[in-house]
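Shown here: data00.cif, mmCIF, C-alpha atoms and all ligand atoms.
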data_start
#
loop_
_atom_site.group_PDB
_atom_site.id
_atom_site.type_symbol
_atom_site.label_atom_id
_atom_site.label_comp_id
_atom_site.auth_asym_id
_atom_site.auth_seq_id
_atom_site.Cartn_x
_atom_site.Cartn_y
_atom_site.Cartn_z
ATOM 1 C CA MET A 1 -18.959 -14.103 18.065
ATOM 2 C CA ARG A 2 -15.578 -13.542 16.522
ATOM 3 C CA ARG A 3 -15.210 -17.157 15.706
ATOM 4 C CA ARG A 4 -18.431 -17.205 13.732
ATOM 5 C CA SER A 5 -17.503 -14.329 11.473
ATOM 6 C CA VAL A 6 -13.977 -15.625 11.088
ATOM 7 C CA LEU A 7 -15.248 -19.014 9.991
ATOM 8 C CA ALA A 8 -17.658 -17.344 7.618
ATOM 9 C CA LEU A 9 -14.675 -15.744 5.949
ATOM 10 C CA GLY A 10 -12.701 -18.950 5.674
ATOM 11 C CA LEU A 11 -9.710 -17.339 7.355
ATOM 12 C CA THR A 12 -9.290 -19.809 10.174
ATOM 13 C CA GLY A 13 -5.696 -20.654 9.388
ATOM 14 C CA CYS A 14 -4.541 -17.084 9.665
ATOM 15 C CA VAL A 15 -6.777 -15.588 12.287
ATOM 16 C CA LEU A 16 -7.128 -18.295 14.861
ATOM 17 C CA GLY A 17 -4.059 -20.412 14.686
ATOM 18 C CA GLY A 18 -1.397 -18.726 12.595
ATOM 19 C CA ARG A 19 -1.058 -22.004 10.716
ATOM 20 C CA THR A 20 -0.422 -22.510 7.087
ATOM 21 C CA THR A 21 -3.025 -20.679 5.066
ATOM 22 C CA GLN A 22 -5.944 -22.730 3.815
ATOM 23 C CA ALA A 23 -7.175 -22.709 0.257
ATOM 24 C CA GLN A 24 -10.325 -20.692 -0.167
ATOM 25 C CA ASP A 25 -12.948 -21.127 -2.776
ATOM 26 C CA PHE A 26 -14.521 -17.769 -3.520
ATOM 27 C CA PRO A 27 -16.647 -17.160 -6.591
ATOM 28 C CA LYS A 28 -14.457 -15.532 -9.228
ATOM 29 C CA GLU A 29 -16.463 -12.309 -9.269
ATOM 30 C CA SER A 30 -15.717 -11.623 -5.613
ATOM 31 C CA ASP A 31 -12.305 -13.272 -5.281
ATOM 32 C CA PRO A 32 -9.629 -10.652 -4.490
ATOM 33 C CA ARG A 33 -7.088 -13.064 -5.951
ATOM 34 C CA GLU A 34 -8.565 -12.335 -9.380
ATOM 35 C CA GLY A 35 -7.715 -8.678 -8.824
ATOM 36 C CA ILE A 36 -4.174 -9.504 -7.784
ATOM 37 C CA LEU A 37 -3.712 -11.542 -10.967
ATOM 38 C CA LYS A 38 -4.610 -8.399 -12.907
ATOM 39 C CA ALA A 39 -1.653 -6.633 -11.336
ATOM 40 C CA LYS A 40 0.677 -8.504 -13.702
ATOM 41 C CA THR A 41 -0.935 -6.682 -16.617
ATOM 42 C CA PHE A 42 -1.063 -3.381 -14.774
ATOM 43 C CA PHE A 43 2.635 -3.614 -13.998
ATOM 44 C CA ALA A 44 3.766 -4.875 -17.403
ATOM 45 C CA GLY A 45 4.664 -1.489 -18.893
ATOM 46 C CA PRO A 46 8.248 -0.301 -19.302
ATOM 47 C CA ALA A 47 9.957 1.947 -16.770
ATOM 48 C CA LYS A 48 9.393 5.584 -17.733
ATOM 49 C CA THR A 49 10.803 8.730 -16.190
ATOM 50 C CA GLU A 50 9.498 12.275 -16.378
ATOM 51 C CA PRO A 51 10.729 15.489 -14.763
ATOM 52 C CA PHE A 52 8.501 16.329 -11.804
ATOM 53 C CA GLY A 53 9.946 19.741 -10.891
ATOM 54 C CA ALA A 54 12.074 20.906 -7.942
ATOM 55 C CA GLY A 55 14.799 18.322 -8.617
ATOM 56 C CA LEU A 56 12.340 15.434 -8.612
ATOM 57 C CA THR A 57 11.841 12.752 -11.249
ATOM 58 C CA LEU A 58 8.740 10.550 -11.394
ATOM 59 C CA LEU A 59 9.548 6.943 -12.375
ATOM 60 C CA THR A 60 6.519 4.861 -13.324
ATOM 61 C CA GLY A 61 6.014 1.365 -14.647
ATOM 62 C CA PRO A 62 7.094 -1.938 -13.114
ATOM 63 C CA GLY A 63 5.643 -1.782 -9.619
ATOM 64 C CA GLY A 64 4.056 1.630 -9.496
ATOM 65 C CA SER A 65 5.105 5.222 -9.004
ATOM 66 C CA MET A 66 8.544 6.003 -7.632
ATOM 67 C CA LEU A 67 10.226 9.369 -7.032
ATOM 68 C CA ILE A 68 13.876 10.354 -7.322
ATOM 69 C CA LEU A 69 15.348 13.518 -5.769
ATOM 70 C CA ASN A 70 18.602 14.626 -7.379
ATOM 71 C CA GLY A 71 21.284 16.774 -5.825
ATOM 72 C CA GLN A 72 24.775 17.046 -4.390
ATOM 73 C CA ASP A 73 24.087 14.890 -1.324
ATOM 74 C CA GLY A 74 23.384 11.935 -3.616
ATOM 75 C CA PRO A 75 20.196 10.732 -5.296
ATOM 76 C CA LEU A 76 17.368 9.789 -2.958
ATOM 77 C CA MET A 77 14.611 7.480 -4.184
ATOM 78 C CA ILE A 78 11.165 6.507 -2.899
ATOM 79 C CA ASP A 79 10.269 2.845 -3.460
ATOM 80 C CA ALA A 80 12.033 0.290 -5.604
ATOM 81 C CA GLY A 81 9.503 -1.531 -7.800
ATOM 82 C CA LEU A 82 9.253 -5.222 -8.627
ATOM 83 C CA ALA A 83 12.100 -7.684 -8.069
ATOM 84 C CA ASP A 84 11.919 -9.270 -11.510
ATOM 85 C CA ARG A 85 12.210 -5.819 -13.121
ATOM 86 C CA ALA A 86 14.900 -4.531 -10.772
ATOM 87 C CA ASP A 87 17.647 -4.152 -13.389
ATOM 88 C CA GLU A 88 15.381 -2.115 -15.653
ATOM 89 C CA ILE A 89 14.180 0.087 -12.781
ATOM 90 C CA ARG A 90 17.697 0.647 -11.484
ATOM 91 C CA ALA A 91 18.959 1.547 -14.968
ATOM 92 C CA ALA A 92 16.122 4.066 -15.437
ATOM 93 C CA ALA A 93 16.647 5.522 -11.967
ATOM 94 C CA GLU A 94 20.416 5.849 -12.396
ATOM 95 C CA LYS A 95 19.988 7.476 -15.787
ATOM 96 C CA ALA A 96 17.609 10.054 -14.305
ATOM 97 C CA ALA A 97 19.825 10.535 -11.256
ATOM 98 C CA GLY A 98 23.129 10.624 -13.139
ATOM 99 C CA GLY A 99 24.578 7.889 -10.933
ATOM 100 C CA PRO A 100 23.794 5.259 -8.295
ATOM 101 C CA ILE A 101 20.975 5.883 -5.814
ATOM 102 C CA ALA A 102 22.442 6.845 -2.412
ATOM 103 C CA VAL A 103 19.318 6.613 -0.254
ATOM 104 C CA LEU A 104 16.292 4.395 -0.874
ATOM 105 C CA ILE A 105 13.128 4.846 1.183
ATOM 106 C CA ASN A 106 10.489 2.093 1.259
ATOM 107 C CA THR A 107 6.935 3.314 1.891
ATOM 108 C CA HIS A 108 6.002 -0.238 3.045
ATOM 109 C CA TRP A 109 7.084 -3.854 2.696
ATOM 110 C CA HIS A 110 4.983 -5.030 -0.284
ATOM 111 C CA GLY A 111 7.011 -6.551 -3.102
ATOM 112 C CA ASP A 112 5.974 -3.990 -5.694
ATOM 113 C CA HIS A 113 7.649 -1.342 -3.502
ATOM 114 C CA THR A 114 10.661 -3.271 -2.162
ATOM 115 C CA GLY A 115 11.400 -5.756 -4.956
ATOM 116 C CA GLY A 116 14.345 -3.673 -6.158
ATOM 117 C CA ASN A 117 15.900 -3.335 -2.694
ATOM 118 C CA LEU A 118 18.600 -5.944 -3.281
ATOM 119 C CA ALA A 119 19.685 -4.425 -6.589
ATOM 120 C CA PHE A 120 19.820 -0.903 -5.162
ATOM 121 C CA ALA A 121 21.585 -2.045 -1.973
ATOM 122 C CA ARG A 122 24.244 -3.851 -4.001
ATOM 123 C CA ALA A 123 24.769 -0.616 -5.936
ATOM 124 C CA GLY A 124 25.405 1.193 -2.649
ATOM 125 C CA ALA A 125 22.016 2.516 -1.535
ATOM 126 C CA LYS A 126 21.224 2.873 2.171
ATOM 127 C CA ILE A 127 17.645 1.738 2.784
ATOM 128 C CA LEU A 128 15.274 3.503 5.202
ATOM 129 C CA ALA A 129 11.801 2.361 6.298
ATOM 130 C CA THR A 130 9.651 1.835 9.369
ATOM 131 C CA ALA A 131 10.621 -0.843 11.874
ATOM 132 C CA ALA A 132 7.463 -2.781 10.986
ATOM 133 C CA CYS A 133 8.417 -2.724 7.311
ATOM 134 C CA LYS A 134 11.865 -4.111 8.161
ATOM 135 C CA GLN A 135 10.314 -6.785 10.358
ATOM 136 C CA ARG A 136 7.925 -7.906 7.597
ATOM 137 C CA LEU A 137 10.811 -8.121 5.124
ATOM 138 C CA SER A 138 12.780 -10.186 7.616
ATOM 139 C CA GLU A 139 10.306 -13.035 8.004
ATOM 140 C CA ASP A 140 8.267 -15.377 5.829
ATOM 141 C CA HIS A 141 4.728 -14.134 5.372
ATOM 142 C CA GLN A 142 1.404 -15.593 4.274
ATOM 143 C CA ASN A 143 -1.553 -13.694 2.855
ATOM 144 C CA PRO A 144 -4.565 -16.029 3.112
ATOM 145 C CA LEU A 145 -6.980 -13.776 1.235
ATOM 146 C CA PHE A 146 -4.695 -13.774 -1.800
ATOM 147 C CA ARG A 147 -3.403 -17.299 -1.122
ATOM 148 C CA MET A 148 0.130 -16.018 -1.474
ATOM 149 C CA SER A 149 3.284 -16.522 0.535
ATOM 150 C CA TYR A 150 6.270 -14.226 0.675
ATOM 151 C CA PRO A 151 9.712 -15.466 1.731
ATOM 152 C CA ALA A 152 11.896 -13.277 3.923
ATOM 153 C CA LYS A 153 14.295 -11.036 2.020
ATOM 154 C CA PRO A 154 18.040 -11.536 2.422
ATOM 155 C CA PRO A 155 19.571 -9.271 5.074
ATOM 156 C CA GLU A 156 21.229 -6.899 2.614
ATOM 157 C CA ALA A 157 17.825 -6.173 1.002
ATOM 158 C CA ARG A 158 16.303 -5.132 4.338
ATOM 159 C CA PRO A 159 16.262 -1.528 5.570
ATOM 160 C CA GLY A 160 19.444 -0.677 7.483
ATOM 161 C CA LEU A 161 17.837 2.293 9.211
ATOM 162 C CA THR A 162 14.356 2.416 10.700
ATOM 163 C CA LEU A 163 12.340 5.399 11.877
ATOM 164 C CA SER A 164 8.861 6.534 12.768
ATOM 165 C CA VAL A 165 9.203 10.312 12.346
ATOM 166 C CA ALA A 166 12.149 12.262 10.957
ATOM 167 C CA GLU A 167 12.889 15.613 9.380
ATOM 168 C CA ILE A 168 15.889 15.488 7.080
ATOM 169 C CA GLN A 169 17.676 17.984 4.869
ATOM 170 C CA HIS A 170 18.819 16.348 1.654
ATOM 171 C CA ASN A 171 19.693 17.808 -1.730
ATOM 172 C CA GLY A 172 18.376 21.190 -0.621
ATOM 173 C CA GLU A 173 14.994 19.729 0.250
ATOM 174 C CA GLU A 174 13.271 19.575 3.608
ATOM 175 C CA ILE A 175 11.872 16.064 3.808
ATOM 176 C CA ARG A 176 9.494 14.865 6.496
ATOM 177 C CA LEU A 177 9.194 11.116 6.932
ATOM 178 C CA GLU A 178 6.258 10.037 9.036
ATOM 179 C CA ALA A 179 4.871 6.615 9.897
ATOM 180 C CA VAL A 180 1.136 6.241 10.397
ATOM 181 C CA ALA A 181 -0.720 3.758 12.598
ATOM 182 C CA PRO A 182 -1.617 0.478 10.808
ATOM 183 C CA ALA A 183 -3.542 1.359 7.652
ATOM 184 C CA HIS A 184 -2.628 -0.299 4.313
ATOM 185 C CA THR A 185 -0.072 -2.377 6.262
ATOM 186 C CA ASP A 186 1.376 -2.026 9.757
ATOM 187 C CA GLY A 187 4.406 -0.111 8.498
ATOM 188 C CA ASP A 188 3.306 2.640 6.111
ATOM 189 C CA LEU A 189 5.499 5.715 5.700
ATOM 190 C CA ILE A 190 4.503 9.101 4.244
ATOM 191 C CA VAL A 191 7.295 11.114 2.556
ATOM 192 C CA HIS A 192 6.668 14.856 2.339
ATOM 193 C CA PHE A 193 8.957 17.009 0.175
ATOM 194 C CA ARG A 194 8.068 20.348 1.717
ATOM 195 C CA LYS A 195 9.757 22.704 -0.751
ATOM 196 C CA ALA A 196 8.532 20.827 -3.808
ATOM 197 C CA ASP A 197 5.070 20.579 -2.189
ATOM 198 C CA VAL A 198 4.880 16.882 -3.043
ATOM 199 C CA ILE A 199 3.872 13.949 -0.813
ATOM 200 C CA HIS A 200 4.586 10.323 -1.738
ATOM 201 C CA VAL A 201 1.949 8.343 0.138
ATOM 202 C CA GLY A 202 2.750 4.764 -0.849
ATOM 203 C CA ASP A 203 -0.454 2.731 -0.959
ATOM 204 C CA LEU A 204 -2.372 4.851 1.571
ATOM 205 C CA VAL A 205 -4.169 6.421 -1.384
ATOM 206 C CA ASN A 206 -5.373 4.896 -4.621
ATOM 207 C CA ASN A 207 -6.508 7.621 -6.975
ATOM 208 C CA GLY A 208 -9.802 6.531 -8.506
ATOM 209 C CA ALA A 209 -9.656 2.806 -7.754
ATOM 210 C CA TYR A 210 -10.518 0.565 -4.811
ATOM 211 C CA PRO A 211 -7.336 0.003 -2.781
ATOM 212 C CA ASN A 212 -5.799 -3.105 -1.362
ATOM 213 C CA ILE A 213 -5.866 -3.104 2.438
ATOM 214 C CA ASP A 214 -3.628 -5.889 3.709
ATOM 215 C CA ALA A 215 -5.429 -7.639 6.563
ATOM 216 C CA SER A 216 -2.593 -10.167 6.812
ATOM 217 C CA CYS A 217 -0.264 -7.528 8.280
ATOM 218 C CA GLY A 218 -2.463 -5.211 10.307
ATOM 219 C CA GLY A 219 -4.141 -3.267 7.488
ATOM 220 C CA TRP A 220 -7.742 -2.148 8.059
ATOM 221 C CA ILE A 221 -10.073 0.461 6.639
ATOM 222 C CA GLY A 222 -10.290 2.580 9.799
ATOM 223 C CA GLY A 223 -6.521 2.940 9.696
ATOM 224 C CA MET A 224 -6.646 3.850 6.020
ATOM 225 C CA ILE A 225 -9.101 6.660 6.797
ATOM 226 C CA ALA A 226 -6.883 7.946 9.616
ATOM 227 C CA GLY A 227 -3.805 7.760 7.368
ATOM 228 C CA VAL A 228 -5.587 9.701 4.628
ATOM 229 C CA ASP A 229 -6.634 12.301 7.200
ATOM 230 C CA ARG A 230 -2.983 12.763 8.168
ATOM 231 C CA ILE A 231 -2.051 13.244 4.501
ATOM 232 C CA LEU A 232 -4.782 15.886 4.180
ATOM 233 C CA GLN A 233 -3.415 17.646 7.285
ATOM 234 C CA LEU A 234 0.079 17.765 5.800
ATOM 235 C CA ALA A 235 -1.089 18.866 2.357
ATOM 236 C CA GLY A 236 -1.700 22.401 1.189
ATOM 237 C CA PRO A 237 -4.184 23.402 -1.501
ATOM 238 C CA LYS A 238 -1.741 22.779 -4.363
ATOM 239 C CA THR A 239 0.150 19.777 -3.017
ATOM 240 C CA ARG A 240 0.779 17.034 -5.559
ATOM 241 C CA ILE A 241 0.115 13.662 -3.979
ATOM 242 C CA VAL A 242 1.900 10.665 -5.499
ATOM 243 C CA PRO A 243 0.142 7.370 -4.762
ATOM 244 C CA GLY A 244 2.012 4.107 -5.112
ATOM 245 C CA HIS A 245 -0.187 3.274 -8.098
ATOM 246 C CA GLY A 246 -2.199 5.284 -10.584
ATOM 247 C CA PRO A 247 -2.265 8.931 -11.526
ATOM 248 C CA VAL A 248 -0.833 11.709 -9.384
ATOM 249 C CA ALA A 249 -3.615 13.066 -7.157
ATOM 250 C CA THR A 250 -4.797 16.490 -6.059
ATOM 251 C CA VAL A 251 -6.104 17.204 -2.587
ATOM 252 C CA ASP A 252 -9.643 16.996 -3.991
ATOM 253 C CA ASP A 253 -8.896 13.530 -5.409
ATOM 254 C CA VAL A 254 -7.713 12.413 -1.967
ATOM 255 C CA ARG A 255 -10.827 13.875 -0.329
ATOM 256 C CA ALA A 256 -13.001 11.887 -2.759
ATOM 257 C CA PHE A 257 -11.040 8.722 -1.905
ATOM 258 C CA ARG A 258 -11.505 9.416 1.817
ATOM 259 C CA ALA A 259 -15.250 9.967 1.365
ATOM 260 C CA MET A 260 -15.601 6.629 -0.448
ATOM 261 C CA LEU A 261 -13.664 4.799 2.296
ATOM 262 C CA ALA A 262 -15.670 6.439 5.081
ATOM 263 C CA THR A 263 -19.040 5.575 3.555
ATOM 264 C CA VAL A 264 -18.057 1.977 2.820
ATOM 265 C CA ASN A 265 -16.713 1.660 6.368
ATOM 266 C CA ASP A 266 -19.917 3.080 7.845
ATOM 267 C CA ARG A 267 -21.878 0.411 5.991
ATOM 268 C CA ILE A 268 -19.633 -2.612 6.542
ATOM 269 C CA ALA A 269 -18.206 -2.083 10.047
ATOM 270 C CA PRO A 270 -21.562 -2.496 11.875
ATOM 271 C CA MET A 271 -22.256 -5.710 9.953
ATOM 272 C CA VAL A 272 -18.859 -7.143 10.911
ATOM 273 C CA ALA A 273 -19.340 -5.997 14.518
ATOM 274 C CA SER A 274 -22.600 -7.942 14.665
ATOM 275 C CA SER A 275 -20.962 -11.021 13.102
ATOM 276 C CA ARG A 276 -23.040 -11.008 9.936
ATOM 277 C CA PRO A 277 -21.804 -13.791 7.614
ATOM 278 C CA ILE A 278 -19.791 -12.646 4.619
ATOM 279 C CA ASP A 279 -22.486 -13.785 2.162
ATOM 280 C CA GLU A 280 -25.002 -11.468 3.836
ATOM 281 C CA ILE A 281 -22.541 -8.580 3.750
ATOM 282 C CA LEU A 282 -21.881 -9.167 0.045
ATOM 283 C CA ALA A 283 -25.630 -9.444 -0.633
ATOM 284 C CA ALA A 284 -26.140 -6.014 0.971
ATOM 285 C CA LYS A 285 -23.926 -4.569 -1.818
ATOM 286 C CA PRO A 286 -22.260 -1.988 0.426
ATOM 287 C CA THR A 287 -20.200 -0.513 -2.442
ATOM 288 C CA ALA A 288 -22.891 -0.518 -5.142
ATOM 289 C CA ASP A 289 -23.144 3.245 -5.672
ATOM 290 C CA PHE A 290 -19.338 3.577 -5.804
ATOM 291 C CA ASP A 291 -18.615 0.744 -8.207
ATOM 292 C CA ALA A 292 -18.957 2.707 -11.441
ATOM 293 C CA LYS A 293 -16.224 5.103 -10.374
ATOM 294 C CA TRP A 294 -13.913 2.938 -8.257
ATOM 295 C CA SER A 295 -13.851 -0.576 -9.756
ATOM 296 C CA GLY A 296 -11.612 0.199 -12.752
ATOM 297 C CA GLY A 297 -8.430 -0.906 -10.964
ATOM 298 C CA LEU A 298 -7.504 -4.279 -9.538
ATOM 299 C CA PHE A 299 -10.661 -4.856 -7.476
ATOM 300 C CA ASN A 300 -14.387 -4.665 -8.142
ATOM 301 C CA GLY A 301 -16.923 -3.863 -5.407
ATOM 302 C CA PRO A 302 -17.419 -7.423 -4.096
ATOM 303 C CA MET A 303 -13.647 -8.045 -4.015
ATOM 304 C CA PHE A 304 -13.126 -4.777 -2.146
ATOM 305 C CA THR A 305 -15.918 -5.740 0.242
ATOM 306 C CA ARG A 306 -14.084 -8.986 1.082
ATOM 307 C CA ILE A 307 -10.867 -7.007 1.602
ATOM 308 C CA VAL A 308 -12.590 -4.545 3.940
ATOM 309 C CA VAL A 309 -14.324 -7.322 5.883
ATOM 310 C CA ALA A 310 -11.082 -9.288 6.258
ATOM 311 C CA GLY A 311 -9.329 -6.237 7.710
ATOM 312 C CA LEU A 312 -12.160 -5.486 10.128
ATOM 313 C CA VAL A 313 -12.353 -9.123 11.266
ATOM 314 C CA GLU A 314 -8.614 -9.165 11.936
ATOM 315 C CA LYS A 315 -8.893 -5.862 13.781
ATOM 316 C CA HIS A 316 -11.698 -7.230 15.973
ATOM 317 C CA SER A 317 -9.676 -10.370 16.656
ATOM 318 C CA ARG A 318 -6.835 -8.232 18.056
ATOM 319 C CA THR A 319 -8.937 -5.976 20.274
HETATM 320 ZN ZN ZN A 401 0.995 -2.084 -0.984
#

What does the file become when written as structure tokens?
Amino acid sequence: MRRRSVLALGLTGCVLGGRTTQAQDFPKESDPREGILKAKTFFAGPAKTEPFGAGLTLLTGPGGSMLILNGQDGPLMIDAGLADRADEIRAAAEKAAGGPIAVLINTHWHGDHTGGNLAFARAGAKILATAACKQRLSEDHQNPLFRMSYPAKPPEARPGLTLSVAEIQHNGEEIRLEAVAPAHTDGDLIVHFRKADVIHVGDLVNNGAYPNIDASCGGWIGGMIAGVDRILQLAGPKTRIVPGHGPVATVDDVRAFRAMLATVNDRIAPMVASSRPIDEILAAKPTADFDAKWSGGLFNGPMFTRIVVAGLVEKHSRT
């Protein structure tokens, strides 16, 4: 049963044997790779900083949304942007912080969040992340759905300290760091600035656009829903939620994102469980009524459907 749906997806190299990924030939309109190519345009803008209140600065641009917390203990930063823009990001961050970043927290291993690690580490930053994030950065990785490979990062660009839950006092803030079970990846970390009432959620939330869910490293839609539920538990009515990409979200925005995920999951999961071929799942148009609102980002409905199916197939293959 599993084998049939896996073969229907064309993911044999990854799922069954762990071999080199095989080229896939999806129609352009449903090929998630087309969405990933768009990311180059999405991430092309310059690094910009804006005061975010309570000692925080929001840094947006090459790689997504990063946060910097200033103070006497040394600047603390969430996520590090793209590697090929690392000098620009570091310069913007240091200008906002008034000096080198002391502590860098990675929300997960993806290159748009850890690409600047080497530059920040060489400037003296200590890097914190989940153990799974460190592990992913320490080994070569293949993503068959996107036909991309990622070489291991050099040791100095990997997190020196790993954690799953921690409460830290830093720069007068009370910061809760909390890992969630596999969701967007297998090593996602939520960072809650309690006093500022701000949560950086990495790529667990995408405000108004279909998200990536990385099946090649444990990501799956059920985990995304559970991760979003944890964010909603931590949040208060006025909490500002900073996703890794896109506009800052309110609690209502996150609830709308959760509702979209839950409905799409309710439609797709039974089809994957009964080994329906991917073409049948796509033909059922399980995202159709959401597409007008949610397909303005990297992925349209059919691409997101493939992403969701890939994650569910991988999940089934592990359990
Ligand atoms: Zn990501």

Compute the set of protein, DNA and RNA residues whose minimum atom distance to ligand ZN 401 (chain A) is at most 10 Å, using only C-alpha atoms and all ligand atoms, and state it as an mmCIF file with C-alpha atoms, in the frame of the given file.
data_model
loop_
_atom_site.group_PDB
_atom_site.id
_atom_site.type_symbol
_atom_site.label_atom_id
_atom_site.label_comp_id
_atom_site.auth_asym_id
_atom_site.auth_seq_id
_atom_site.Cartn_x
_atom_site.Cartn_y
_atom_site.Cartn_z
ATOM 1 C CA GLY A 63 5.643 -1.782 -9.619
ATOM 2 C CA GLY A 64 4.056 1.630 -9.496
ATOM 3 C CA THR A 107 6.935 3.314 1.891
ATOM 4 C CA HIS A 108 6.002 -0.238 3.045
ATOM 5 C CA TRP A 109 7.084 -3.854 2.696
ATOM 6 C CA HIS A 110 4.983 -5.030 -0.284
ATOM 7 C CA GLY A 111 7.011 -6.551 -3.102
ATOM 8 C CA ASP A 112 5.974 -3.990 -5.694
ATOM 9 C CA HIS A 113 7.649 -1.342 -3.502
ATOM 10 C CA THR A 114 10.661 -3.271 -2.162
ATOM 11 C CA HIS A 184 -2.628 -0.299 4.313
ATOM 12 C CA THR A 185 -0.072 -2.377 6.262
ATOM 13 C CA ASP A 188 3.306 2.640 6.111
ATOM 14 C CA GLY A 202 2.750 4.764 -0.849
ATOM 15 C CA ASP A 203 -0.454 2.731 -0.959
ATOM 16 C CA LEU A 204 -2.372 4.851 1.571
ATOM 17 C CA VAL A 205 -4.169 6.421 -1.384
ATOM 18 C CA PRO A 211 -7.336 0.003 -2.781
ATOM 19 C CA ASN A 212 -5.799 -3.105 -1.362
ATOM 20 C CA ILE A 213 -5.866 -3.104 2.438
ATOM 21 C CA ASP A 214 -3.628 -5.889 3.709
ATOM 22 C CA GLY A 219 -4.141 -3.267 7.488
ATOM 23 C CA GLY A 244 2.012 4.107 -5.112
ATOM 24 C CA HIS A 245 -0.187 3.274 -8.098
#

- Message: Using only C-alpha atoms, which protein or nucleic acid residues come within 6 Å of Gly187 of chain A? Drop anything in the same chain fewer than 5 positions from it, and give the result as a list in words.
- Response: His108, Thr130, Ala132 and Cys133 of chain A

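With atom CA of Pro270 of chain A on one side and atom CA of Leu282 of chain A on the other, the separation reads 13.6 Å.
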
- Task: Select all residues near (25.6, 5.1, 0.0) (cut-off 7 Å, inclusive, file coordinates), counting only C-alpha atoms, and output them as a PyMOL selection string.
- Result: chain A and resi 102-103+124-126

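When you apply the PyMOL selection byres (((chain A and resi 248-250) around 9) and not hetatm) to this structure, what comes back is Ser65, Val205, Asn206, Asn207, Pro237, Lys238, Thr239, Arg240, Ile241, Val242, Pro243, His245, Gly246, Pro247, Val251, Asp252, Asp253, Val254 and Arg255 of chain A.
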
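The residue that comes closest to Leu312 of chain A, out of A:Pro286, A:Gly53, A:Pro277, A:Gly222 and on the basis of only C-alpha atoms, is A:Gly222.
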
- Task: Measuring atom to atom with all atoms listed in the file, identify which of A:Glu88, A:Glu94, A:Glu178, A:Glu29 is nearest to Thr162 of chain A.
- Result: A:Glu178

Name the residues captured by the PyMOL selection byres (((chain A and resi 302) around 9) and not hetatm) when it is applied to the shown file; answer as a PDB file with C-alpha atoms, in the frame of the given file.
ATOM      1  CA  GLU A  29     -16.463 -12.309  -9.269  1.00  0.00           C
ATOM      2  CA  SER A  30     -15.717 -11.623  -5.613  1.00  0.00           C
ATOM      3  CA  ASP A  31     -12.305 -13.272  -5.281  1.00  0.00           C
ATOM      4  CA  PRO A  32      -9.629 -10.652  -4.490  1.00  0.00           C
ATOM      5  CA  LEU A 282     -21.881  -9.167   0.045  1.00  0.00           C
ATOM      6  CA  LYS A 285     -23.926  -4.569  -1.818  1.00  0.00           C
ATOM      7  CA  PRO A 286     -22.260  -1.988   0.426  1.00  0.00           C
ATOM      8  CA  THR A 287     -20.200  -0.513  -2.442  1.00  0.00           C
ATOM      9  CA  ALA A 288     -22.891  -0.518  -5.142  1.00  0.00           C
ATOM     10  CA  PHE A 299     -10.661  -4.856  -7.476  1.00  0.00           C
ATOM     11  CA  ASN A 300     -14.387  -4.665  -8.142  1.00  0.00           C
ATOM     12  CA  GLY A 301     -16.923  -3.863  -5.407  1.00  0.00           C
ATOM     13  CA  MET A 303     -13.647  -8.045  -4.015  1.00  0.00           C
ATOM     14  CA  PHE A 304     -13.126  -4.777  -2.146  1.00  0.00           C
ATOM     15  CA  THR A 305     -15.918  -5.740   0.242  1.00  0.00           C
ATOM     16  CA  ARG A 306     -14.084  -8.986   1.082  1.00  0.00           C
ATOM     17  CA  ILE A 307     -10.867  -7.007   1.602  1.00  0.00           C
TER      18      ILE A 307
END

Give the centre and edge lengths of an axis-aligned box, in Å to one decimal, that holds all listed atoms of segment 173-181 of chain A with 6 Å on each side, as lines of an AutoDock Vina configuration file.
center_x = 7.1
center_y = 11.7
center_z = 6.4
size_x = 27.7
size_y = 28.0
size_z = 24.3

Spatial sel., origin (6.8, -2.9, -15.3), limit 7 Å, all atoms listed in the file, listed as a PDB file with C-alpha atoms, in the frame of the given file:
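What ended up in result.pdb:
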ATOM      1  CA  PHE A  43       2.635  -3.614 -13.998  1.00  0.00           C
ATOM      2  CA  ALA A  44       3.766  -4.875 -17.403  1.00  0.00           C
ATOM      3  CA  GLY A  45       4.664  -1.489 -18.893  1.00  0.00           C
ATOM      4  CA  PRO A  46       8.248  -0.301 -19.302  1.00  0.00           C
ATOM      5  CA  ALA A  47       9.957   1.947 -16.770  1.00  0.00           C
ATOM      6  CA  GLY A  61       6.014   1.365 -14.647  1.00  0.00           C
ATOM      7  CA  PRO A  62       7.094  -1.938 -13.114  1.00  0.00           C
ATOM      8  CA  GLY A  63       5.643  -1.782  -9.619  1.00  0.00           C
ATOM      9  CA  ARG A  85      12.210  -5.819 -13.121  1.00  0.00           C
TER      10      ARG A  85
END

- Check what the PyMOL selection byres (((chain A and resi 198) around 12) and not hetatm) selects in the file above and give those residues as number ranges by chain. A: 52-58, 67-69, 173-176, 190-197, 199-201, 231, 234-243, 248-251

- Message: as number ranges by chain, please: the residues near Ala226 of chain A (cut-off 9 Å, only C-alpha atoms, same-chain neighbours under 3 positions excluded).
- Response: A: 180-181, 183, 221-223, 229-231

Taking only residues of segment 127-154 of chain A that have an atom at most 10 Å from an atom of segment 73-80 of chain A, what is each one's shortest atom pair and its distance in Å to one decimal, using only C-alpha atoms, in chain and number order, as a Markdown table?
| residue | atom | partner | partner_atom | distance |
| --- | --- | --- | --- | --- |
| A:Ile127 | CA | A:Met77 | CA | 9.5 |
| A:Leu128 | CA | A:Ile78 | CA | 9.6 |
| A:Ala129 | CA | A:Asp79 | CA | 9.9 |

- Item | Two-atom distance - atom CA of Val309 of chain A, atom CA of Lys134 of chain A (Å) | 26.5 Å

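Note that the spacing between atom CA of Ile89 of chain A and atom CA of Asn70 of chain A amounts to 16.1 Å.
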